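**Q** What follows is a single structure, and I will ask about it in a moment.
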Amino acid sequence: MTSNRIFDNTEIAFALKSDSELERAYFLFKMISIEPLVKIGTAATNFALKAHLPIEGLIRSTVFDHFCGGVNEEDCLPVINKMFEKGVCSVLDYSVEGKENEQEFDAARDITLKIIEFSKEIDAMPIAVFKPTGFGRLSLYEKIGNNETLTEKEQSEWQRVLERFDVVCKKAKENDVALLIDAEESWMQDAADDVVTAMMKKYNTEKPVVFNTLQMYRHDRLDFLKKEHKKAIEGGYFLGYKLVRGAYMEKENLRAEKRGYKTPICESKQATDVNFDNGIDYVLEHIDVISVFAGTHNEASTYRLMELMAEKGIENNDPRVWFGQLYGMSDNISFNLADKGYNVAKYVPFGPVKDVMPYLIRRAEENTSVAGQTGRELNLITKEKQRRKLI
């Protein structure tokens, strides 16, 4: 199967992009490929936004429109409908980060509920998502994960966090919408994992509705998966997992070094790749209990999963296996998979331009630091420009 090299087909990959959108994508990835430029651009953008300089229009027409669906759910509809024509579903991701107060946590809960309602009506949106820190303070998760005693005020605050999780998971089950719960920093993850496991136990009784996320750059996640599988068998419920490599590597390593503990991150990129593939293997071995959303931009891992599915006689469109990529990246994987009948969903971030900037900055930095990612995007876009005789 790998010999077919389906991910090299740029005509299918960029079918939805107009010539001008293709040129914009080329320009953006060219800029992102220059590391000093990303650093300068990030600093300048942060300064301009803080100083309330009128740059939102410029951001909106360039980097925002490439990596985001819109400023609100309705704004994303043209993007959602267009991709679905090619068989690619959307996961609307409210990408506002770093909020700290109850009002904002309630707002994030309400937006997630609204997205689940939205998803029920639209075939193109079978999956919803939220971040644990969208529903509660990171330091509160950390305190609970460390088994520290909570004050009375913190106890009632944590109760509200649990209520937000519960109301959203309940709504997802009622509306038959899968719900992905993202993973974040390791020092808050233990508390989040416990909550998500409790939600799985409660709502994954007939099939997986609630999905946790495993960041496979953490060397302990495969053992965690095996323990959770054992619990699910004993408890008679299903598991859903989104498997990703992970997005906080530099932050994780730096904190471990500063505080003098062993980093939770695998020792090398190769070890992370092996861990990710072993996780996929384990899930497919136990597909009767565990469903998977493989969130990866790695072509080798994607081909491998396709081959495993074929070996095990799992249909391309089996509802227990999904592939996922971020909007604005790896269209060669997403659209070529959909063309072959696999279940594919793009994470489509949305939110007010200034609130989504931390997300966009992370995307730019990630593309700069992931070896080969930006170069691959540029090569594919160049190939398509040549095919269209734009060069």
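Residues in the structure tokens are named by chain (A, B, ... in the order shown) and by number from 1 within that chain; ligands are numbered from 1 in the order shown.
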From a DSSP pass on the backbone, collect the residues of region 20-194 of chain A flagged as strand (DSSP E or B) and hand them back as a ChimeraX atom specification.
**A** /A:70,88-94,127-130,178-181
**Q** So that I have them on file, write out the residues from the current selection with C-alpha atoms, as an mmCIF file, in the first residue's frame.
**A**
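Saved file selection.cif follows:
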data_model
loop_
_atom_site.group_PDB
_atom_site.id
_atom_site.type_symbol
_atom_site.label_atom_id
_atom_site.label_comp_id
_atom_site.auth_asym_id
_atom_site.auth_seq_id
_atom_site.Cartn_x
_atom_site.Cartn_y
_atom_site.Cartn_z
ATOM 1 C CA GLY A 70 -13.915 31.751 11.522
ATOM 2 C CA VAL A 88 -13.741 15.449 5.169
ATOM 3 C CA CYS A 89 -15.622 16.119 8.428
ATOM 4 C CA SER A 90 -14.954 18.985 10.841
ATOM 5 C CA VAL A 91 -14.278 19.137 14.578
ATOM 6 C CA LEU A 92 -15.003 22.705 15.674
ATOM 7 C CA ASP A 93 -12.391 23.690 18.234
ATOM 8 C CA TYR A 94 -13.008 26.786 20.350
ATOM 9 C CA ILE A 127 -17.381 15.058 16.742
ATOM 10 C CA ALA A 128 -17.004 17.867 19.303
ATOM 11 C CA VAL A 129 -14.013 18.813 21.465
ATOM 12 C CA PHE A 130 -12.929 20.832 24.484
ATOM 13 C CA ALA A 178 -18.421 11.823 19.922
ATOM 14 C CA LEU A 179 -16.637 14.121 22.370
ATOM 15 C CA LEU A 180 -12.847 14.483 22.320
ATOM 16 C CA ILE A 181 -11.244 15.860 25.480
#
**Q** Tell me, as a list in words, which residues lie within 9 Å of Phe165 (chain A), counting only C-alpha atoms; anything in the same chain fewer than 6 positions away does not count.
**A** Arg109, Pro132, Phe135, Val195, Val196 and Met199 of chain A
**Q** List the neighbours of Arg376 (chain A) out to 10 Å using only C-alpha atoms; skip same-chain residues closer than 6 positions along the sequence, and give me the result as a list of chain:residue names.
**A**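 These residues fall inside the cut-off: A:Phe29, A:Ser330, A:Asn332, A:Thr382.
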**Q** Mind writing the picked residues with N, CA and C atoms as a short mmCIF file (atom, residue, chain, number, x, y, z; two decimals), in the first residue's frame?
**A**
data_model
loop_
_atom_site.label_atom_id
_atom_site.label_comp_id
_atom_site.auth_asym_id
_atom_site.auth_seq_id
_atom_site.Cartn_x
_atom_site.Cartn_y
_atom_site.Cartn_z
N PHE A 29 3.74 29.39 4.48
CA PHE A 29 4.69 28.35 4.87
C PHE A 29 6.13 28.77 4.59
N SER A 330 -1.38 19.61 6.22
CA SER A 330 -1.43 18.20 5.78
C SER A 330 -2.72 17.86 5.00
N ASN A 332 -2.72 17.00 2.09
CA ASN A 332 -2.39 15.82 1.28
C ASN A 332 -2.77 14.53 1.98
N THR A 382 4.24 23.64 -4.10
CA THR A 382 5.01 23.94 -5.33
C THR A 382 4.63 22.97 -6.44
#
**Q** For Phe323 (chain A), list every protein, DNA or RNA residue within 12 Å, evaluated using only C-alpha atoms, and leave out those in the same chain fewer than 5 positions away; present the list as an mmCIF file with C-alpha atoms, in the first residue's frame.
**A**
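Final output, part.cif:
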data_model
loop_
_atom_site.group_PDB
_atom_site.id
_atom_site.type_symbol
_atom_site.label_atom_id
_atom_site.label_comp_id
_atom_site.auth_asym_id
_atom_site.auth_seq_id
_atom_site.Cartn_x
_atom_site.Cartn_y
_atom_site.Cartn_z
ATOM 1 C CA VAL A 88 -13.741 15.449 5.169
ATOM 2 C CA CYS A 89 -15.622 16.119 8.428
ATOM 3 C CA SER A 90 -14.954 18.985 10.841
ATOM 4 C CA VAL A 91 -14.278 19.137 14.578
ATOM 5 C CA TYR A 241 -8.811 7.613 22.688
ATOM 6 C CA LYS A 242 -7.367 10.295 20.516
ATOM 7 C CA LEU A 243 -3.692 9.451 19.995
ATOM 8 C CA VAL A 244 -1.314 12.303 19.234
ATOM 9 C CA ILE A 280 -2.049 2.355 17.616
ATOM 10 C CA SER A 291 -12.061 3.210 19.422
ATOM 11 C CA VAL A 292 -9.379 5.517 18.096
ATOM 12 C CA PHE A 293 -9.003 8.990 16.637
ATOM 13 C CA ALA A 294 -5.473 9.061 15.204
ATOM 14 C CA GLY A 295 -4.447 12.702 15.280
ATOM 15 C CA THR A 296 -1.280 12.742 13.212
ATOM 16 C CA HIS A 297 0.482 14.636 10.429
ATOM 17 C CA ASN A 298 3.023 11.839 10.117
ATOM 18 C CA GLU A 299 2.669 10.041 6.797
ATOM 19 C CA SER A 301 2.268 6.385 10.900
ATOM 20 C CA THR A 302 -0.803 7.005 8.752
ATOM 21 C CA TYR A 303 0.253 4.479 6.104
ATOM 22 C CA LEU A 305 -2.479 2.397 10.387
ATOM 23 C CA MET A 306 -4.039 1.918 6.940
ATOM 24 C CA ASN A 316 -11.892 1.847 5.594
ATOM 25 C CA ASN A 317 -15.013 3.535 6.977
ATOM 26 C CA ASP A 318 -15.288 1.504 10.205
ATOM 27 C CA SER A 330 -1.435 18.202 5.776
ATOM 28 C CA ILE A 333 -3.161 13.333 4.069
ATOM 29 C CA SER A 334 -6.725 14.415 4.894
ATOM 30 C CA PHE A 335 -8.202 14.680 1.405
ATOM 31 C CA ASN A 336 -6.423 11.650 -0.058
ATOM 32 C CA LEU A 337 -7.612 9.510 2.892
ATOM 33 C CA ALA A 338 -11.181 10.768 2.416
ATOM 34 C CA GLY A 341 -13.264 6.244 1.943
ATOM 35 C CA TYR A 342 -11.576 6.548 5.361
ATOM 36 C CA ASN A 343 -13.162 8.520 8.221
ATOM 37 C CA VAL A 344 -11.315 11.838 8.324
ATOM 38 C CA ALA A 345 -11.884 14.985 10.356
ATOM 39 C CA LYS A 346 -10.098 18.298 10.387
ATOM 40 C CA TYR A 347 -9.741 20.182 13.677
#
**Q** Run DSSP on the backbone and tell me which residues of region 9-145 of chain A come out as alpha helix (DSSP H); list them as a VMD selection string.
**A** chain A and resid 10 to 13 19 to 32 35 to 50 56 to 59 65 to 67 73 to 85 102 to 121 132 to 135 138 to 145
**Q** So what do you get for CA of Ser33 (chain A) versus CA of Lys82 (chain A), distance-wise?
**A**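 CA of Lys82 (chain A) lies at a distance of 28.2 Å from CA of Ser33 (chain A).
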**Q** A:Gln215, A:Ala198, A:Glu315, A:Ala256: which is nearest Lys231 (chain A), counting only C-alpha atoms?
**A** A:Ala198
**Q** Please provide the set of residues having any atom within 12 Å of Ile233 (chain A), restricted to only C-alpha atoms, with same-chain residues fewer than 3 positions apart removed, written as number ranges by chain.
**A** A: 201, 205, 226-230, 236-239, 286, 288-290
**Q** Can I get the selection written as a PDB file, in the first residue's frame, with N, CA and C atoms?
**A**
ATOM      1  N   LYS A 201     -16.813   5.860  32.092  1.00  0.00           N
ATOM      2  CA  LYS A 201     -17.522   4.831  32.846  1.00  0.00           C
ATOM      3  C   LYS A 201     -19.028   5.101  32.846  1.00  0.00           C
ATOM      4  N   THR A 205     -21.353   3.422  27.837  1.00  0.00           N
ATOM      5  CA  THR A 205     -21.930   2.120  28.202  1.00  0.00           C
ATOM      6  C   THR A 205     -22.305   1.274  26.984  1.00  0.00           C
ATOM      7  N   LYS A 226      -3.002   0.587  28.834  1.00  0.00           N
ATOM      8  CA  LYS A 226      -3.235  -0.820  29.199  1.00  0.00           C
ATOM      9  C   LYS A 226      -4.003  -0.935  30.521  1.00  0.00           C
ATOM     10  N   LYS A 227      -3.654  -0.075  31.475  1.00  0.00           N
ATOM     11  CA  LYS A 227      -4.365  -0.082  32.768  1.00  0.00           C
ATOM     12  C   LYS A 227      -5.824   0.354  32.593  1.00  0.00           C
ATOM     13  N   GLU A 228      -6.040   1.359  31.769  1.00  0.00           N
ATOM     14  CA  GLU A 228      -7.401   1.842  31.519  1.00  0.00           C
ATOM     15  C   GLU A 228      -8.237   0.775  30.808  1.00  0.00           C
ATOM     16  N   HIS A 229      -7.589   0.038  29.928  1.00  0.00           N
ATOM     17  CA  HIS A 229      -8.267  -1.046  29.204  1.00  0.00           C
ATOM     18  C   HIS A 229      -8.741  -2.122  30.198  1.00  0.00           C
ATOM     19  N   LYS A 230      -7.857  -2.464  31.131  1.00  0.00           N
ATOM     20  CA  LYS A 230      -8.197  -3.465  32.154  1.00  0.00           C
ATOM     21  C   LYS A 230      -9.408  -2.992  32.982  1.00  0.00           C
ATOM     22  N   GLY A 236     -17.084  -2.954  32.386  1.00  0.00           N
ATOM     23  CA  GLY A 236     -18.078  -3.163  31.338  1.00  0.00           C
ATOM     24  C   GLY A 236     -18.436  -1.906  30.552  1.00  0.00           C
ATOM     25  N   TYR A 237     -17.431  -1.071  30.256  1.00  0.00           N
ATOM     26  CA  TYR A 237     -17.692   0.113  29.430  1.00  0.00           C
ATOM     27  C   TYR A 237     -16.645   0.204  28.315  1.00  0.00           C
ATOM     28  N   PHE A 238     -16.882   1.089  27.365  1.00  0.00           N
ATOM     29  CA  PHE A 238     -16.000   1.239  26.206  1.00  0.00           C
ATOM     30  C   PHE A 238     -15.030   2.404  26.398  1.00  0.00           C
ATOM     31  N   LEU A 239     -13.925   2.345  25.662  1.00  0.00           N
ATOM     32  CA  LEU A 239     -12.935   3.413  25.700  1.00  0.00           C
ATOM     33  C   LEU A 239     -12.842   4.100  24.337  1.00  0.00           C
ATOM     34  N   HIS A 286      -7.416  -4.370  20.207  1.00  0.00           N
ATOM     35  CA  HIS A 286      -8.563  -4.396  21.122  1.00  0.00           C
ATOM     36  C   HIS A 286      -9.683  -3.477  20.621  1.00  0.00           C
ATOM     37  N   ASP A 288     -12.488  -4.028  19.656  1.00  0.00           N
ATOM     38  CA  ASP A 288     -13.839  -4.356  20.146  1.00  0.00           C
ATOM     39  C   ASP A 288     -14.215  -3.507  21.360  1.00  0.00           C
ATOM     40  N   VAL A 289     -13.195  -3.030  22.094  1.00  0.00           N
ATOM     41  CA  VAL A 289     -13.446  -2.211  23.300  1.00  0.00           C
ATOM     42  C   VAL A 289     -12.996  -0.758  23.103  1.00  0.00           C
ATOM     43  N   ILE A 290     -11.887  -0.572  22.359  1.00  0.00           N
ATOM     44  CA  ILE A 290     -11.275   0.762  22.249  1.00  0.00           C
ATOM     45  C   ILE A 290     -11.429   1.310  20.828  1.00  0.00           C
TER      46      ILE A 290
END
**Q** Determine the nearest neighbour of Ala310 (chain A) from the options A:Leu284, A:Leu254, A:Ile6, A:Ile59, counting only C-alpha atoms.
**A**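 Looking only at the distances to Ala310 (chain A), the closest residue turns out to be A:Leu284.
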**Q** Rounded to one decimal place, report the CA of Ser186 (chain A)-CA of Lys262 (chain A) distance in Å.
**A**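 Atom-to-atom, CA of Ser186 (chain A) to CA of Lys262 (chain A), that is 12.1 Å.
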**Q** Between CA of Arg245 (chain A) and CA of Ala300 (chain A), what is the distance, to one decimal in Å?
**A** 13.3 Å
**Q** Env of Glu104 (chain A): 12 Å cut, atoms = only C-alpha atoms, seq-sep filter 5 positions within chain, self excluded. Answer as a PyMOL selection string.
**A** chain A and resi 96-99+109-111+133-137
**Q** Can you tell me which residues surround Lys383 (chain A) at a distance of at most 12 Å, considering only C-alpha atoms, apart from same-chain residues fewer than 3 positions away, and format the answer as number ranges by chain?
**A** A: 8-11, 13-14, 22, 26, 332, 376-380, 386-391
**Q** Give the answer as one residue: which of A:Phe84, A:Lys114, A:Ile12, A:Cys68 has the shortest atom-to-atom distance to Tyr359 (chain A), using only C-alpha atoms?
**A** A:Cys68
